[in-house]
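Enquirer: File name model_17.tsv; file contents TSV, C-alpha atoms; full text below.
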```tsv
chain	number	residue	atom	x	y	z
A	1	MET	CA	25.93	4.96	17.59
A	2	LYS	CA	23.53	7.79	16.79
A	3	ILE	CA	22.47	8.53	13.18
A	4	LEU	CA	20.69	11.75	12.17
A	5	TYR	CA	18.53	11.20	9.08
A	6	LEU	CA	17.89	14.39	7.10
A	7	VAL	CA	15.14	14.67	4.46
A	8	SER	CA	12.74	17.30	3.13
A	9	THR	CA	9.52	15.51	4.08
A	10	LEU	CA	8.14	12.03	4.59
A	11	GLN	CA	5.93	12.23	1.52
A	12	LYS	CA	4.50	8.86	0.56
A	13	ALA	CA	6.86	7.91	-2.26
A	14	GLY	CA	9.70	5.55	-3.08
A	15	PRO	CA	12.52	7.43	-1.29
A	16	THR	CA	10.50	7.60	1.93
A	17	SER	CA	9.76	3.89	1.75
A	18	GLN	CA	13.47	3.17	1.38
A	19	LEU	CA	14.26	5.38	4.38
A	20	TYR	CA	11.63	3.52	6.39
A	21	TYR	CA	13.19	0.17	5.45
A	22	ILE	CA	16.62	1.37	6.56
A	23	ILE	CA	15.43	2.68	9.94
A	24	SER	CA	12.99	-0.12	10.73
A	25	ASN	CA	15.74	-2.71	10.29
A	26	LEU	CA	18.41	-0.98	12.41
A	27	SER	CA	20.18	-3.03	15.05
A	28	ALA	CA	19.63	-2.22	18.72
A	29	ASP	CA	22.99	-0.45	19.06
A	30	ILE	CA	22.00	2.28	16.56
A	31	THR	CA	19.77	5.18	17.63
A	32	PRO	CA	18.01	7.02	14.79
A	33	ILE	CA	17.04	10.71	14.91
A	34	LEU	CA	14.84	11.98	12.10
A	35	VAL	CA	14.87	15.60	10.92
A	36	THR	CA	12.42	16.81	8.27
A	37	LEU	CA	12.73	20.29	6.80
A	38	SER	CA	9.21	21.21	5.67
A	39	HIS	CA	5.57	20.82	6.57
A	40	GLU	CA	4.32	17.33	5.83
A	41	PRO	CA	2.15	16.95	2.69
A	42	ALA	CA	-1.32	15.39	2.79
A	43	GLN	CA	0.12	12.07	1.64
A	44	SER	CA	2.73	11.50	4.37
A	45	ARG	CA	4.20	8.49	6.17
A	46	LEU	CA	4.93	10.45	9.34
A	47	ASN	CA	2.72	8.20	11.46
A	48	ASP	CA	4.59	5.12	10.24
A	49	PHE	CA	7.85	6.59	11.47
A	50	LYS	CA	6.29	7.70	14.74
A	51	ALA	CA	5.13	4.12	15.28
A	52	LEU	CA	8.80	3.09	15.29
A	53	GLY	CA	9.24	5.20	18.43
A	54	ILE	CA	12.06	7.31	17.04
A	55	LYS	CA	12.84	10.95	17.89
A	56	HIS	CA	11.65	13.36	15.22
A	57	TYR	CA	12.35	17.04	14.67
A	58	GLN	CA	10.12	18.85	12.18
A	59	LEU	CA	11.50	22.26	11.14
A	60	ASN	CA	8.38	23.24	9.14
A	61	LEU	CA	10.32	25.55	6.83
A	62	SER	CA	9.31	26.58	3.33
A	63	ARG	CA	11.97	26.35	0.65
A	64	LEU	CA	12.63	30.09	0.94
A	65	GLU	CA	12.74	30.00	4.74
A	66	GLY	CA	15.08	27.05	4.54
A	67	VAL	CA	17.65	29.08	2.62
A	68	PHE	CA	18.02	31.45	5.59
A	69	LEU	CA	17.05	29.38	8.64
A	70	ALA	CA	17.69	25.67	8.02
A	71	LYS	CA	21.41	25.68	8.77
A	72	SER	CA	21.07	27.41	12.16
A	73	LYS	CA	18.13	25.24	13.21
A	74	LEU	CA	19.89	22.04	12.22
A	75	LYS	CA	23.03	23.20	14.05
A	76	GLN	CA	20.97	23.51	17.24
A	77	ILE	CA	19.73	19.94	16.86
A	78	ILE	CA	23.24	18.66	16.15
A	79	ASN	CA	24.64	20.41	19.22
A	80	LYS	CA	21.88	18.87	21.33
A	81	GLU	CA	21.91	15.32	19.94
A	82	LEU	CA	25.61	14.96	18.99
A	83	PRO	CA	25.04	12.43	16.17
A	84	ASP	CA	27.90	10.25	14.97
A	85	VAL	CA	26.74	10.40	11.34
A	86	ILE	CA	24.35	12.48	9.24
A	87	HIS	CA	22.56	10.45	6.55
A	88	SER	CA	20.89	12.67	3.95
A	89	GLN	CA	18.82	11.96	0.88
A	90	GLY	CA	17.33	14.30	-1.67
A	91	PHE	CA	18.44	17.68	-2.99
A	92	ARG	CA	17.69	19.82	0.07
A	93	GLY	CA	18.96	17.24	2.54
A	94	ASP	CA	22.23	16.75	0.67
A	95	VAL	CA	22.94	20.47	0.26
A	96	LEU	CA	22.22	21.20	3.93
A	97	ALA	CA	24.11	18.19	5.29
A	98	SER	CA	27.20	19.09	3.25
A	99	LYS	CA	27.56	22.30	5.27
A	100	PHE	CA	28.44	20.19	8.32
A	101	ALA	CA	30.63	17.64	6.52
A	102	SER	CA	33.91	19.07	7.85
A	103	LYS	CA	32.86	18.33	11.45
A	104	ILE	CA	30.58	15.27	11.20
A	105	PRO	CA	30.72	12.31	8.79
A	106	VAL	CA	27.97	12.69	6.19
A	107	LEU	CA	26.62	9.83	4.09
A	108	SER	CA	24.34	10.82	1.19
A	109	THR	CA	22.09	8.46	-0.74
A	110	VAL	CA	21.48	9.44	-4.37
A	111	ARG	CA	18.40	7.97	-6.01
A	112	ASN	CA	18.45	9.71	-9.39
A	113	PHE	CA	20.43	11.04	-12.32
A	114	PRO	CA	20.69	14.74	-11.37
A	115	GLN	CA	21.38	16.00	-14.90
A	116	LEU	CA	18.28	14.17	-16.21
A	117	ASP	CA	15.73	14.13	-13.41
A	118	PHE	CA	15.90	17.72	-12.21
A	119	PRO	CA	15.50	19.33	-15.66
A	120	MET	CA	12.59	16.97	-16.46
A	121	THR	CA	10.86	17.94	-13.21
A	122	TYR	CA	11.75	21.61	-12.74
A	123	GLY	CA	12.64	22.80	-16.24
A	124	ARG	CA	16.00	23.10	-17.94
A	125	VAL	CA	17.31	26.25	-16.22
A	126	VAL	CA	16.20	25.59	-12.65
A	127	GLY	CA	16.81	21.85	-12.96
A	128	SER	CA	20.35	22.30	-14.23
A	129	LEU	CA	21.13	24.69	-11.37
A	130	MET	CA	19.78	22.18	-8.86
A	131	ALA	CA	21.88	19.41	-10.36
A	132	TYR	CA	24.98	21.60	-10.09
A	133	GLN	CA	24.24	22.45	-6.44
A	134	GLN	CA	23.62	18.84	-5.47
A	135	VAL	CA	26.80	17.63	-7.14
A	136	CYS	CA	28.81	20.34	-5.35
A	137	ALA	CA	27.32	19.13	-2.07
A	138	LEU	CA	28.09	15.49	-2.81
A	139	ARG	CA	31.74	16.31	-3.40
A	140	LYS	CA	32.00	17.52	0.21
A	141	VAL	CA	30.49	14.54	2.05
A	142	SER	CA	32.26	11.47	3.42
A	143	GLN	CA	30.38	8.82	1.45
A	144	VAL	CA	28.02	8.84	-1.52
A	145	CYS	CA	25.76	5.82	-2.12
A	146	GLY	CA	24.02	5.29	-5.43
A	147	VAL	CA	20.95	3.06	-5.29
A	148	SER	CA	22.12	1.17	-8.37
A	149	ASP	CA	25.32	0.64	-10.30
A	150	ALA	CA	23.83	2.90	-12.96
A	151	VAL	CA	23.44	5.78	-10.49
A	152	LYS	CA	26.91	5.18	-9.05
A	153	ASN	CA	28.52	5.03	-12.49
A	154	ASN	CA	26.74	8.20	-13.57
A	155	LEU	CA	28.12	10.08	-10.56
A	156	ASP	CA	31.60	8.83	-11.35
A	157	LYS	CA	31.66	9.26	-15.13
A	158	THR	CA	29.55	12.42	-15.43
A	159	PHE	CA	30.62	14.30	-12.29
A	160	ASN	CA	33.90	12.64	-11.34
A	161	ILE	CA	32.58	11.58	-7.92
A	162	SER	CA	34.77	8.50	-7.69
A	163	LYS	CA	33.99	7.85	-4.01
A	164	ALA	CA	30.42	6.78	-4.87
A	165	ILE	CA	29.50	3.15	-4.16
A	166	THR	CA	26.36	1.08	-4.77
A	167	ALA	CA	23.79	0.31	-2.09
A	168	LEU	CA	20.87	-1.36	-3.86
A	169	ASN	CA	17.33	-0.38	-2.93
A	170	GLY	CA	15.32	-2.97	-1.04
A	171	VAL	CA	11.70	-4.03	-0.76
A	172	ASP	CA	9.57	-5.13	2.20
A	173	THR	CA	8.77	-8.75	1.43
A	174	ASN	CA	6.38	-8.89	4.39
A	175	ASN	CA	4.11	-6.36	2.68
A	176	PHE	CA	4.76	-7.23	-0.97
A	177	TYR	CA	4.39	-10.95	-1.59
A	178	PRO	CA	2.68	-13.25	-4.12
A	179	ALA	CA	-1.02	-13.68	-3.50
A	180	LYS	CA	-2.58	-17.11	-3.29
A	181	ILE	CA	-5.20	-17.83	-5.93
A	182	ASP	CA	-8.19	-17.26	-3.66
A	183	GLN	CA	-6.77	-13.92	-2.49
A	184	LYS	CA	-6.12	-12.86	-6.08
A	185	LEU	CA	-9.66	-13.72	-7.14
A	186	SER	CA	-11.10	-11.91	-4.13
A	187	LEU	CA	-9.14	-8.77	-4.98
A	188	ARG	CA	-10.30	-8.90	-8.59
A	189	ASN	CA	-13.91	-9.14	-7.46
A	190	THR	CA	-13.38	-6.18	-5.14
A	191	TYR	CA	-11.98	-3.96	-7.89
A	192	GLY	CA	-14.20	-5.13	-10.73
A	193	ILE	CA	-11.61	-7.09	-12.71
A	194	ASN	CA	-12.65	-10.21	-14.60
A	195	GLU	CA	-11.38	-13.31	-12.78
A	196	LYS	CA	-10.42	-15.00	-16.06
A	197	SER	CA	-8.58	-12.07	-17.65
A	198	ARG	CA	-4.81	-11.83	-17.88
A	199	VAL	CA	-3.95	-8.63	-16.02
A	200	TRP	CA	-1.06	-6.26	-16.63
A	201	ILE	CA	-0.18	-3.33	-14.39
A	202	SER	CA	1.88	-0.16	-14.83
A	203	SER	CA	2.49	3.13	-13.03
A	204	LEU	CA	1.50	6.65	-14.06
A	205	GLY	CA	4.02	9.12	-12.67
A	206	LYS	CA	3.52	12.79	-11.80
A	207	ASP	CA	5.65	13.83	-14.80
A	208	THR	CA	6.63	12.28	-18.14
A	209	ARG	CA	9.45	10.08	-16.84
A	210	LYS	CA	7.21	7.01	-16.54
A	211	ASN	CA	6.53	7.31	-20.29
A	212	SER	CA	3.09	5.77	-19.85
A	213	VAL	CA	1.92	6.69	-23.36
A	214	THR	CA	4.30	4.09	-24.79
A	215	VAL	CA	2.66	1.46	-22.57
A	216	ALA	CA	-0.84	2.54	-23.62
A	217	ALA	CA	0.02	2.57	-27.33
A	218	ALA	CA	1.63	-0.86	-27.23
A	219	PHE	CA	-1.21	-2.38	-25.23
A	220	LYS	CA	-3.86	-0.98	-27.54
A	221	GLN	CA	-2.23	-2.86	-30.43
A	222	PHE	CA	-1.78	-5.93	-28.22
A	223	LEU	CA	-5.55	-6.00	-27.55
A	224	THR	CA	-6.23	-6.65	-31.23
A	225	GLN	CA	-4.69	-10.09	-30.67
A	226	TYR	CA	-5.62	-10.66	-27.03
A	227	PRO	CA	-8.88	-8.72	-26.49
A	228	ASP	CA	-9.62	-10.19	-23.05
A	229	ASP	CA	-6.42	-8.89	-21.41
A	230	VAL	CA	-6.62	-5.95	-19.01
A	231	LEU	CA	-4.17	-3.11	-18.34
A	232	ILE	CA	-4.31	-1.38	-14.95
A	233	PHE	CA	-2.74	2.05	-14.50
A	234	ILE	CA	-2.17	3.22	-10.92
A	235	GLY	CA	-1.03	6.71	-10.07
A	236	ASP	CA	-1.80	10.04	-11.67
A	237	GLY	CA	0.08	12.69	-13.58
A	238	GLN	CA	0.70	14.62	-16.78
A	239	GLN	CA	0.22	11.69	-19.13
A	240	ARG	CA	-3.04	10.31	-17.81
A	241	ALA	CA	-5.21	12.32	-20.20
A	242	GLU	CA	-3.12	11.24	-23.18
A	243	CYS	CA	-3.27	7.59	-22.07
A	244	GLU	CA	-7.05	7.85	-21.68
A	245	LYS	CA	-7.24	9.29	-25.18
A	246	ILE	CA	-5.26	6.32	-26.53
A	247	ALA	CA	-7.53	3.92	-24.61
A	248	ASP	CA	-10.55	5.58	-26.24
A	249	SER	CA	-12.95	4.31	-23.56
A	250	ASN	CA	-11.93	0.69	-24.08
A	251	PRO	CA	-12.98	-1.07	-20.82
A	252	GLN	CA	-9.85	-3.24	-20.94
A	253	PHE	CA	-7.93	-0.14	-19.78
A	254	LYS	CA	-8.43	0.60	-16.06
A	255	PHE	CA	-7.32	3.92	-14.51
A	256	PHE	CA	-7.39	3.80	-10.70
A	257	GLY	CA	-5.50	7.02	-9.93
A	258	LYS	CA	-3.51	7.44	-6.74
A	259	VAL	CA	-3.92	4.50	-4.38
A	260	ASN	CA	-2.77	3.81	-0.82
A	261	ASN	CA	-2.82	0.02	-1.07
A	262	VAL	CA	-0.43	-0.63	-3.97
A	263	SER	CA	0.10	-4.23	-2.88
A	264	ASP	CA	-3.57	-5.07	-3.58
A	265	TYR	CA	-3.24	-4.02	-7.21
A	266	LEU	CA	0.04	-5.85	-7.69
A	267	GLN	CA	-1.31	-9.01	-6.08
A	268	MET	CA	-4.31	-9.20	-8.40
A	269	ALA	CA	-2.14	-8.71	-11.51
A	270	ASP	CA	-0.15	-11.20	-13.57
A	271	TYR	CA	2.54	-9.01	-15.17
A	272	PHE	CA	4.18	-5.61	-14.65
A	273	ILE	CA	5.32	-3.07	-17.27
A	274	SER	CA	7.68	-0.11	-16.83
A	275	ALA	CA	8.51	2.13	-19.79
A	276	SER	CA	10.41	4.71	-17.71
A	277	ARG	CA	12.84	7.09	-19.37
A	278	ALA	CA	14.85	7.54	-16.15
A	279	GLU	CA	15.01	5.82	-12.78
A	280	GLY	CA	17.47	5.34	-9.93
A	281	MET	CA	16.49	1.87	-8.77
A	282	PRO	CA	12.70	1.82	-9.18
A	283	ASN	CA	10.59	0.91	-6.17
A	284	ALA	CA	7.62	0.08	-8.38
A	285	VAL	CA	9.57	-2.61	-10.21
A	286	LEU	CA	10.97	-4.10	-7.00
A	287	GLU	CA	7.52	-4.18	-5.40
A	288	ALA	CA	6.07	-5.89	-8.46
A	289	MET	CA	8.90	-8.43	-8.44
A	290	SER	CA	8.35	-9.09	-4.75
A	291	CYS	CA	4.73	-9.92	-5.59
A	292	GLY	CA	5.98	-12.47	-8.11
A	293	LEU	CA	5.14	-10.51	-11.26
A	294	PRO	CA	7.28	-11.13	-14.36
A	295	SER	CA	8.17	-7.74	-15.80
A	296	ILE	CA	8.77	-6.00	-19.11
A	297	LEU	CA	11.15	-3.07	-18.66
A	298	SER	CA	12.53	-0.28	-20.84
A	299	ASP	CA	16.22	-0.66	-21.55
A	300	ILE	CA	17.47	2.18	-19.33
A	301	GLU	CA	20.55	1.29	-17.29
A	302	PRO	CA	18.84	0.60	-13.91
A	303	HIS	CA	16.35	-1.71	-15.62
A	304	LYS	CA	19.15	-3.53	-17.41
A	305	GLU	CA	20.79	-3.94	-14.02
A	306	ILE	CA	17.63	-5.62	-12.74
A	307	TYR	CA	17.55	-7.78	-15.84
A	308	ALA	CA	21.13	-8.90	-15.19
A	309	LEU	CA	20.05	-10.13	-11.76
A	310	ASN	CA	16.72	-11.56	-12.97
A	311	SER	CA	17.19	-12.52	-16.62
A	312	GLU	CA	14.78	-15.46	-16.28
A	313	GLY	CA	12.02	-13.31	-14.82
A	314	CYS	CA	11.84	-10.25	-17.04
A	315	LEU	CA	12.25	-8.89	-20.57
A	316	VAL	CA	13.58	-5.55	-21.78
A	317	PHE	CA	12.47	-3.45	-24.74
A	318	GLU	CA	13.80	-0.38	-26.51
A	319	THR	CA	12.77	2.75	-24.59
A	320	GLU	CA	10.17	4.88	-26.44
A	321	ASN	CA	9.52	2.05	-28.93
A	322	ASP	CA	5.89	0.94	-28.56
A	323	ILE	CA	6.28	-1.55	-31.42
A	324	ASP	CA	9.12	-3.32	-29.61
A	325	LEU	CA	7.11	-3.25	-26.39
A	326	HIS	CA	4.16	-4.80	-28.20
A	327	ASP	CA	6.42	-7.58	-29.48
A	328	LYS	CA	7.70	-8.23	-25.95
A	329	LEU	CA	4.11	-8.42	-24.65
A	330	VAL	CA	3.47	-11.19	-27.16
A	331	ILE	CA	6.66	-13.01	-26.19
A	332	GLN	CA	5.74	-12.70	-22.53
A	333	VAL	CA	2.35	-14.38	-22.85
A	334	LYS	CA	3.91	-17.26	-24.76
A	335	SER	CA	6.47	-17.88	-21.99
A	336	ASP	CA	6.06	-20.01	-18.87
A	337	ARG	CA	4.70	-17.47	-16.39
A	338	GLN	CA	5.19	-19.64	-13.30
A	339	ASN	CA	8.86	-20.22	-14.04
A	340	MET	CA	9.35	-16.49	-14.59
A	341	SER	CA	7.52	-15.72	-11.36
A	342	ASN	CA	9.65	-18.14	-9.37
A	343	ALA	CA	12.84	-16.65	-10.80
A	344	THR	CA	11.63	-13.16	-9.92
A	345	ILE	CA	10.88	-14.06	-6.30
A	346	ASN	CA	14.28	-15.69	-5.92
A	347	ALA	CA	16.00	-12.58	-7.32
A	348	VAL	CA	14.25	-10.39	-4.74
A	349	ARG	CA	15.25	-12.67	-1.87
A	350	GLU	CA	18.87	-12.77	-3.01
A	351	HIS	CA	19.46	-9.15	-4.01
A	352	PHE	CA	16.69	-6.77	-2.96
A	353	SER	CA	15.46	-7.50	0.57
A	354	SER	CA	15.03	-4.45	2.82
A	355	SER	CA	16.96	-6.08	5.68
A	356	THR	CA	19.98	-6.68	3.42
A	357	MET	CA	19.92	-3.05	2.33
A	358	SER	CA	19.72	-1.75	5.91
A	359	ALA	CA	22.57	-4.01	7.01
A	360	LYS	CA	24.79	-2.53	4.30
A	361	TYR	CA	24.08	1.01	5.48
A	362	GLN	CA	24.82	0.03	9.07
A	363	ARG	CA	28.24	-1.24	8.03
A	364	LEU	CA	28.84	1.99	6.14
A	365	TYR	CA	27.99	4.13	9.19
A	366	LYS	CA	30.72	2.42	11.17
A	367	GLN	CA	33.12	2.76	8.25
A	368	VAL	CA	32.63	6.51	7.75
A	369	VAL	CA	33.01	7.15	11.49
A	370	SER	CA	36.23	5.16	11.53
A	371	ASN	CA	37.56	7.01	8.46
A	372	HIS	CA	36.63	10.39	9.95
A	373	GLU	CA	38.53	9.86	13.20
```
Translate the structure described by the file into structure tokens.

Expert:
Amino acid sequence: MKILYLVSTLQKAGPTSQLYYIISNLSADITPILVTLSHEPAQSRLNDFKALGIKHYQLNLSRLEGVFLAKSKLKQIINKELPDVIHSQGFRGDVLASKFASKIPVLSTVRNFPQLDFPMTYGRVVGSLMAYQQVCALRKVSQVCGVSDAVKNNLDKTFNISKAITALNGVDTNNFYPAKIDQKLSLRNTYGINEKSRVWISSLGKDTRKNSVTVAAAFKQFLTQYPDDVLIFIGDGQQRAECEKIADSNPQFKFFGKVNNVSDYLQMADYFISASRAEGMPNAVLEAMSCGLPSILSDIEPHKEIYALNSEGCLVFETENDIDLHDKLVIQVKSDRQNMSNATINAVREHFSSSTMSAKYQRLYKQVVSNHE
């Protein structure tokens, strides 16, 4: 069986990691072909995919060029490779793949809430138009996979896409795993973190969805009771300056910016915090869980889904409510961390391994081909 994977780029981000997990765990009887639409950004995982030895077509089209040229160029590749299935992800991939859905089975993976994420990223007018276009495309394809029940239910209830199913995101447990004590201490020495401090970690996103100011505000209050604790922010984005203003030069706040070795930072931490306003099935949370970190999560639907599968390893708080988050921080430090960590690791093994996720997609490929015949 031959699968053509269609994405905009291989930018180093959660969706690209998930695509890598799917392809790297394929069985020997499946041949992957990768098609990317645009020039690769500076932060790209292209070399990781090349190391898998798979065939890759790079169209190198701008968004404007893609409107006029992408369909004809992809048609040439399809006629040459004769794939059994097209697997798309992302706005541009879904819209383009849907144009071939009458002739070839198309499976699309949706990792967001279109009506929320696009307007937050691109503005209300452009974002709403993009959401409309993506939903129209999804209605044409053979199979839609939401990366969480929350994403699947949103597609069904908001857009009447009843054919959507859930295919949970996975995490690479070979790369993200709990550090032994000597490794943790070594990492802390490397990055200038006190060996004896309790360390929390959170992500700064490129836009406001990560809601990092709520984390900073809650932690600032928390430090009045636990002044030796440390909060690490990794990533960069619109809210960094505001978070730094809240921190007010307090050395217990650490801002490391964009990093390539996320696992190092997770492995030297003790707890993870996500205050996100919107997620599909967040990679950052799954990676933290895989490293054995008990988590405190905002009560958005995907986070509550994680909580349902890992109720002994995480807490949830009211989104946007820094007072409630502060209270949960206090509860967390009074709980048995090792028991929470063990529960978290078990939840990852049972529900979120990358090999389990890939196996589900492989079954779906065979199913959509059979249904299309």

Enquirer: Compare A:Ser298, A:Gln362, A:Ser263, A:Thr31 by their minimum atom-to-atom distance to A:Tyr177, counting all atoms listed in the file, and give me the closest one.

Expert: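 Ranked by minimum distance to A:Tyr177, first place goes to A:Ser263.
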
Enquirer: What are the closest atom pairs, with distances in Å to one decimal, for all residues of stretch 97-127 of chain A lying within 8 Å of stretch 144-163 of chain A? Consider all atoms listed in the file, order rows by chain and residue number, and present the result as a Markdown table.

Expert:
```
| residue | atom | partner | partner_atom | distance |
| --- | --- | --- | --- | --- |
| A:Leu107 | CA | A:Val144 | CA | 5.9 |
| A:Ser108 | CA | A:Val144 | CA | 5.0 |
| A:Thr109 | CA | A:Cys145 | CA | 4.7 |
| A:Val110 | CA | A:Gly146 | CA | 5.0 |
| A:Arg111 | CA | A:Val147 | CA | 5.6 |
| A:Asn112 | CA | A:Val151 | CA | 6.4 |
| A:Phe113 | CA | A:Val151 | CA | 6.3 |
```

Enquirer: Using only C-alpha atoms for the distances, tell me which of A:His87, A:Lys328, A:Lys220, A:Lys196 is nearest to A:Phe100.

Expert: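 Result for the nearest residue to A:Phe100: A:His87.
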
Enquirer: Between A:Ile306, A:Leu26, A:Ile201, A:Val171, single out the one closest to A:Glu287, counting all atoms listed in the file.

Expert: A:Val171

Enquirer: Can you report as AutoDock Vina command-line options the centre and edge lengths in Å, to one decimal, of an axis-aligned box around the listed atoms of stretch 267-284 of chain A padded with 4 Å on each side?

Expert:
```
--center_x 6.6 --center_y -1.8 --center_z -12.9 --size_x 29.8 --size_y 26.7 --size_z 21.7
```

Enquirer: With distances taken over all atoms listed in the file, which of A:Gln133, A:Asn321, A:Met268, A:Leu286 is nearest to A:Val215?

Expert: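 For A:Val215, the nearest of the candidates is A:Asn321.
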
Enquirer: Between A:Ala42, A:Ala167, A:Ala131, A:Val259, which residue has the minimum interatomic distance to A:Gln115, considering only C-alpha atoms?

Expert: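 Looking only at the distances to A:Gln115, the closest residue turns out to be A:Ala131.
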
Enquirer: Any idea what's packed within 7 Å of A:Tyr271, counting all atoms listed in the file, ignoring anything in its chain fewer than 3 positions away? Could you give it as a tab-separated table (two decimals) with C-alpha atoms, keeping the file's coordinate frame?

Expert:
```tsv
chain	number	residue	atom	x	y	z
A	199	VAL	CA	-3.95	-8.63	-16.02
A	200	TRP	CA	-1.06	-6.26	-16.63
A	201	ILE	CA	-0.18	-3.33	-14.39
A	293	LEU	CA	5.14	-10.51	-11.26
A	294	PRO	CA	7.28	-11.13	-14.36
A	295	SER	CA	8.17	-7.74	-15.80
```

Enquirer: Could you tell me how far atom CA of A:Gln43 sits from atom CA of A:Leu266, in Å to one decimal place?

Expert: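 Interatomic distance, atom CA of A:Leu266 to atom CA of A:Gln43: 20.2 Å.
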
Enquirer: Hey, what's within 12 Å of stretch 236-243 of chain A if we count all atoms listed in the file and toss same-chain stuff fewer than 4 positions away? As a PyMOL selection string, please?

Expert: chain A and resi 121+202-220+231-232+247-250+253-259

Enquirer: Would you kindly return, as a list in words, each protein, DNA or RNA residue with an atom no farther than 6 Å from any atom of A:Leu10, considering only C-alpha atoms and excluding same-chain residues fewer than 3 positions away?

Expert: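 Listed by chain and then number, they are Thr16, Ser44, Arg45 and Leu46 of chain A.
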
Enquirer: Rank nothing, just name the residue among A:His326, A:Arg139, A:Arg363, A:Lys245 nearest to A:Leu223, using all atoms listed in the file.

Expert: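 Answer, going by the shortest atom-to-atom distance: A:His326.
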
Enquirer: Around (9.4, -19.3, -2.5) in the file's frame, which residues reach within 12 Å when counting all atoms listed in the file? Return as a list of chain:residue names?

Expert: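 Returned residue set, sorted by chain then number, is A:Thr173, A:Tyr177, A:Pro178, A:Ala179, A:Ser290, A:Cys291, A:Gly292, A:Gln338, A:Asn339, A:Ser341, A:Asn342, A:Ala343, A:Thr344, A:Ile345, A:Asn346, A:Ala347, A:Val348, A:Arg349, A:Glu350.
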